[in-house]
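*Asks:* Below is a structure I'd like to ask you about.
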Amino acid sequence: MSKKVKVRFAPSPTGDLHVGNIRTALFDWAYARHTGGTFLFRIEDTDTTRVTDEYIAAAIDTLKWLGLHLDEGPEVGGENCPYLQSQRLDIYAMWAQKFLDQKDAYHCYCSAEELEATRERQRAANVAPGYDGTCRDLSADQIAAHKDNGRIPVIRMRMPDGGTTFVDQIRGEVSFDHKFVPDFVLVRGDGSPLYTLAVAVDDVLMKVTHVLRGEDLLSSTPRQIRVYQAMGVAEADYPLFAHLPFVMGQDNAKLSKRNGEVSIAWYRDKGFLPEAICNYLALLGWSPGDDRENVSMKEICELFTVEKVHSSPARFDMKKLEAINGDKIRALTIDEFLTWSLPFLTKEKVITGTDAEIALVKKALPLIQERIIMLSEIPQMLKFLFVTKFEVEADSVSKITDDASKSVLKRALKELEPITQWSHDSIEGALRSSLIEDMGLKPRIAFGAVRIAITGSTISPPLFESMELLGKDASLARISQALAL
RNA sequence: GGCCCCGUCGUCUAGCGGCCUAGGACUCUGGCUUCUCAAGUCAGCUACGAGGGUUCGAAUCCCUUCGGGGCUACCA
């Protein structure tokens, strides 16, 4: 029987979760769900000066918002607690000691300056840079001398001669000659562990079966495998590796703050739906294999396999994300759309949240559902229905103060006044017969003027429906007000 | 510099030796529709980095080359 799949997402807390992180998390999650395995979240804080609780809370909140539910990790718990590497220091120390005892590792007393000098020399001589093995086989006397000099050692892993070959699930067989994989540091002079030690130990102890991570870690894999060997793990029990290609920015460099918005929080504020973000990100470096592009979270789980992941990097394209977000918004039911909309409307103080307001919003939403690409556009589009002190946009004022516009508005006012059944049909009928047929105006001219008077803008939801929702009194008042400009 | 990874339209991709005069989506351009803006719809633009092989036949296999990226830390 094959082992139950366990996939881990293990970011180092260097900032808010960003697009690149999330793409990795999404693939990790999707693979876990696809295989019926578990999705584990671990924090790699061996370097950072302590993770804050806020960071962890924010990260978990982001994952939850995206719909990437965790099976194991900080806050949710699990059988492999704790999930912060900073809380597992004694475990790493124990293994480091074991490696020392087994002679797989050794104390290295070289100073930073000496190492730097070695590298300089290697660079000058044009040979592979890396630790030269000075402290590999120190005698007791040499060690004593170093101690007398007050030198503090690091613990270094001994890389045996030969090489490491492993099968990357995305790239195929990858080989590294150990000539180019020097002895590496496991534990710093101050006793703290390095990433290479901590990941390997944790992945084994937490029974991770698949390591899906960024391509930048590809060349650290031989070191990780070396630790497995030292731990006595059988080769058949090594996790399988799959190195995901990068997500690049417009400038063909790894996506960063410089080349676009990368913080997931930014997308959330802008009104991107989590489904849209996941759908788009899923398409970066992966595809279902056919021409299908609009996929739900459920479909991503069903269809996702590592084999279909690309080996080449993908560029992040905001336009495509926007297009997908628009599609997802249009696919929402009105109640779902309403739920998503309300926070944006209250945040912009367009509404306070009364039942009457919400009822009106719900009626207006169908008018704008296919006109927006981000939820943050909603307040601007519906504002005219709620403002108490109405004002025409500065740029549009001059478009309705000319004589032609004034006569349109006057006529509109006159035709609208007698309407008793205030509906978009009756409004349209009255306006068409008078402004278009009688006055012989082009619809875009005639209705354009009314639109500005009613909504204050040249861009708005459909005019007659908007007037119906605004109500007769308010509509007539606005036209009168426009006439007075 | 060394090691490793990568290379199909502007972008994301389909393609796994004949279905490819290379398909889809986004973007862009033009048309239709139209009360604005959208949405919808139709059409168009544009790609196998280059050069050698292998083969009856190559985007698909091999080699070289060029280009891009990563790593080369007591970062992850």
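Every chain in the structure tokens has a letter given in the order shown (A, B, ...), and although residue numbers restart at 1 in each chain, ligands are simply numbered from 1 in the order shown.
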What residues in chain B lie within 12 Å of chain A, counting only C-alpha atoms (C1' of nucleotides), written as an MDAnalysis selection string?
*Replies:* chainID B and resid 1:7 10:16 23:28 34:40 68:76
*Asks:* Running DSSP on the backbone, which parts of segment 68-155 of chain A land in alpha helix (DSSP H), as a ChimeraX atom specification?
*Replies:* /A:89-101,112-125,140-148
*Asks:* What's the separation between atom CA of Ile436 of chain A and atom CA of Ser480 of chain A, in Å to one decimal place?
*Replies:*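 Atom CA of Ser480 of chain A lies at a distance of 20.4 Å from atom CA of Ile436 of chain A.
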*Asks:* Please identify which residues in segment 1-194 of chain A DSSP calls strand (DSSP E) from the backbone, and express them as a ChimeraX atom specification.
*Replies:* /A:6-9,38-41,105-108,154-157,163-168,172-177,184-187
*Asks:* Can you tell me, as a list in words, what residues are no more than 12 Å from G30 of chain B when counting only C-alpha atoms (C1' of nucleotides), ignoring any on the same chain fewer than 6 positions away?
*Replies:* C42, A43, G44 and C45 of chain B
*Asks:* Could you give me, as number ranges by chain, the residues within 9 Å of Ile300 of chain A, counting only C-alpha atoms (C1' of nucleotides) and dropping anything in the same chain fewer than 5 positions from it?
*Replies:* A: 30, 34, 278-279, 282, 288, 295
*Asks:* Env of C63 of chain B: 12 Å cut, atoms = only C-alpha atoms (C1' of nucleotides), seq-sep filter 4 positions within chain, self excluded. Answer as a list in words.
*Replies:*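 Here the qualifying residues turn out to be G51, G52, G53 and U54 of chain B.
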*Asks:* So how many Å separate atom CA of Gly36 of chain A and atom CA of Ala58 of chain A, to one decimal?
*Replies:* 26.5 Å
*Asks:* Skip A59 of chain B itself and residues of its chain fewer than 2 positions away, then list as a short mmCIF file (atom, residue, chain, number, x, y, z; two decimals) with all heavy atoms, in the first residue's frame all residues within 10 Å of it, counting only C-alpha atoms (C1' of nucleotides).
*Replies:*
```cif
data_model
loop_
_atom_site.label_atom_id
_atom_site.label_comp_id
_atom_site.auth_asym_id
_atom_site.auth_seq_id
_atom_site.Cartn_x
_atom_site.Cartn_y
_atom_site.Cartn_z
P U B 8 8.75 29.14 -24.85
OP1 U B 8 9.39 30.46 -24.82
OP2 U B 8 7.93 28.69 -23.74
"O5'" U B 8 7.91 29.05 -26.21
"C5'" U B 8 8.61 29.01 -27.45
"C4'" U B 8 7.59 28.87 -28.54
"O4'" U B 8 6.94 27.58 -28.44
"C3'" U B 8 6.43 29.86 -28.47
"O3'" U B 8 6.80 31.09 -29.07
"C2'" U B 8 5.36 29.14 -29.27
"O2'" U B 8 5.62 29.24 -30.64
"C1'" U B 8 5.59 27.70 -28.82
N1 U B 8 4.75 27.32 -27.67
C2 U B 8 3.45 26.95 -27.94
O2 U B 8 2.98 26.95 -29.06
N3 U B 8 2.71 26.59 -26.83
C4 U B 8 3.13 26.56 -25.54
O4 U B 8 2.37 26.20 -24.65
C5 U B 8 4.49 26.97 -25.34
C6 U B 8 5.23 27.33 -26.39
P G B 15 -0.91 19.11 -23.82
OP1 G B 15 -1.55 17.91 -23.27
OP2 G B 15 0.22 19.73 -23.13
"O5'" G B 15 -0.44 18.80 -25.29
"C5'" G B 15 -1.40 18.41 -26.28
"C4'" G B 15 -0.80 18.71 -27.64
"O4'" G B 15 -0.33 20.05 -27.64
"C3'" G B 15 0.39 17.80 -27.91
"O3'" G B 15 0.08 16.92 -28.97
"C2'" G B 15 1.51 18.73 -28.33
"O2'" G B 15 2.04 18.45 -29.57
"C1'" G B 15 0.84 20.12 -28.42
N9 G B 15 1.74 21.18 -27.97
C8 G B 15 2.18 21.47 -26.73
N7 G B 15 3.07 22.45 -26.71
C5 G B 15 3.20 22.81 -28.04
C6 G B 15 4.01 23.79 -28.66
O6 G B 15 4.82 24.56 -28.15
N1 G B 15 3.84 23.82 -30.03
C2 G B 15 2.98 23.00 -30.72
N2 G B 15 2.93 23.17 -32.04
N3 G B 15 2.20 22.08 -30.16
C4 G B 15 2.38 22.03 -28.83
P C B 20 -4.58 19.78 -37.76
OP1 C B 20 -4.10 19.58 -36.40
OP2 C B 20 -5.98 20.15 -38.02
"O5'" C B 20 -3.69 20.89 -38.44
"C5'" C B 20 -2.72 20.65 -39.41
"C4'" C B 20 -1.46 21.41 -39.03
"O4'" C B 20 -1.51 21.68 -37.64
"C3'" C B 20 -0.18 20.62 -39.29
"O3'" C B 20 0.64 21.28 -40.26
"C2'" C B 20 0.56 20.59 -37.97
"O2'" C B 20 1.88 21.04 -38.08
"C1'" C B 20 -0.22 21.60 -37.11
N1 C B 20 -0.29 21.28 -35.68
C2 C B 20 0.75 21.73 -34.86
O2 C B 20 1.72 22.31 -35.37
N3 C B 20 0.69 21.49 -33.54
C4 C B 20 -0.36 20.85 -33.02
N4 C B 20 -0.39 20.66 -31.72
C5 C B 20 -1.44 20.40 -33.83
C6 C B 20 -1.37 20.63 -35.15
P A B 22 -0.70 27.56 -39.24
OP1 A B 22 -2.09 27.70 -39.70
OP2 A B 22 -0.05 28.72 -38.57
"O5'" A B 22 -0.59 26.31 -38.25
"C5'" A B 22 -1.76 25.60 -37.84
"C4'" A B 22 -1.57 25.14 -36.42
"O4'" A B 22 -0.20 24.69 -36.24
"C3'" A B 22 -1.75 26.25 -35.38
"O3'" A B 22 -3.10 26.36 -35.01
"C2'" A B 22 -0.90 25.72 -34.24
"O2'" A B 22 -1.55 24.71 -33.52
"C1'" A B 22 0.28 25.13 -34.99
N9 A B 22 1.36 26.08 -35.23
C8 A B 22 1.78 26.62 -36.42
N7 A B 22 2.78 27.47 -36.30
C5 A B 22 3.04 27.48 -34.95
C6 A B 22 3.99 28.17 -34.18
N6 A B 22 4.90 29.01 -34.69
N1 A B 22 3.98 27.96 -32.86
C2 A B 22 3.09 27.12 -32.34
N3 A B 22 2.15 26.42 -32.95
C4 A B 22 2.19 26.64 -34.27
P C B 48 8.31 31.39 -35.25
OP1 C B 48 9.75 31.69 -35.37
OP2 C B 48 7.42 31.51 -36.40
"O5'" C B 48 8.10 29.95 -34.61
"C5'" C B 48 9.21 29.26 -34.06
"C4'" C B 48 8.80 28.76 -32.71
"O4'" C B 48 7.54 28.09 -32.86
"C3'" C B 48 9.79 27.77 -32.12
"O3'" C B 48 9.95 28.12 -30.75
"C2'" C B 48 9.14 26.40 -32.36
"O2'" C B 48 9.31 25.62 -31.21
"C1'" C B 48 7.66 26.72 -32.46
N1 C B 48 6.84 25.96 -33.38
C2 C B 48 5.92 25.08 -32.83
O2 C B 48 5.91 24.96 -31.61
N3 C B 48 5.08 24.41 -33.66
C4 C B 48 5.12 24.59 -34.97
N4 C B 48 4.26 23.94 -35.73
C5 C B 48 6.07 25.48 -35.57
C6 C B 48 6.90 26.13 -34.75
#
```
*Asks:* Using only C-alpha atoms (C1' of nucleotides), which of the listed residues (B:G67, B:A58, B:U46, B:C9) sits closest to U29 of chain B?
*Replies:*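 Among the listed residues, B:U46 lies closest to U29 of chain B.
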*Asks:* Glu415 of chain A: which residues within 9 Å, counting only C-alpha atoms (C1' of nucleotides), same-chain residues fewer than 3 positions away excluded, as a list in words?
*Replies:*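 Those residues are Lys410, Arg411, Ala412, Pro418, Ile419, Ile427, Ala430, Leu431 and Ser434 of chain A.
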*Asks:* Separation of atom CA of Ala404 of chain A and atom CA of Ala482 of chain A, in Å?
*Replies:*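 These atoms are spaced 13.2 Å apart.
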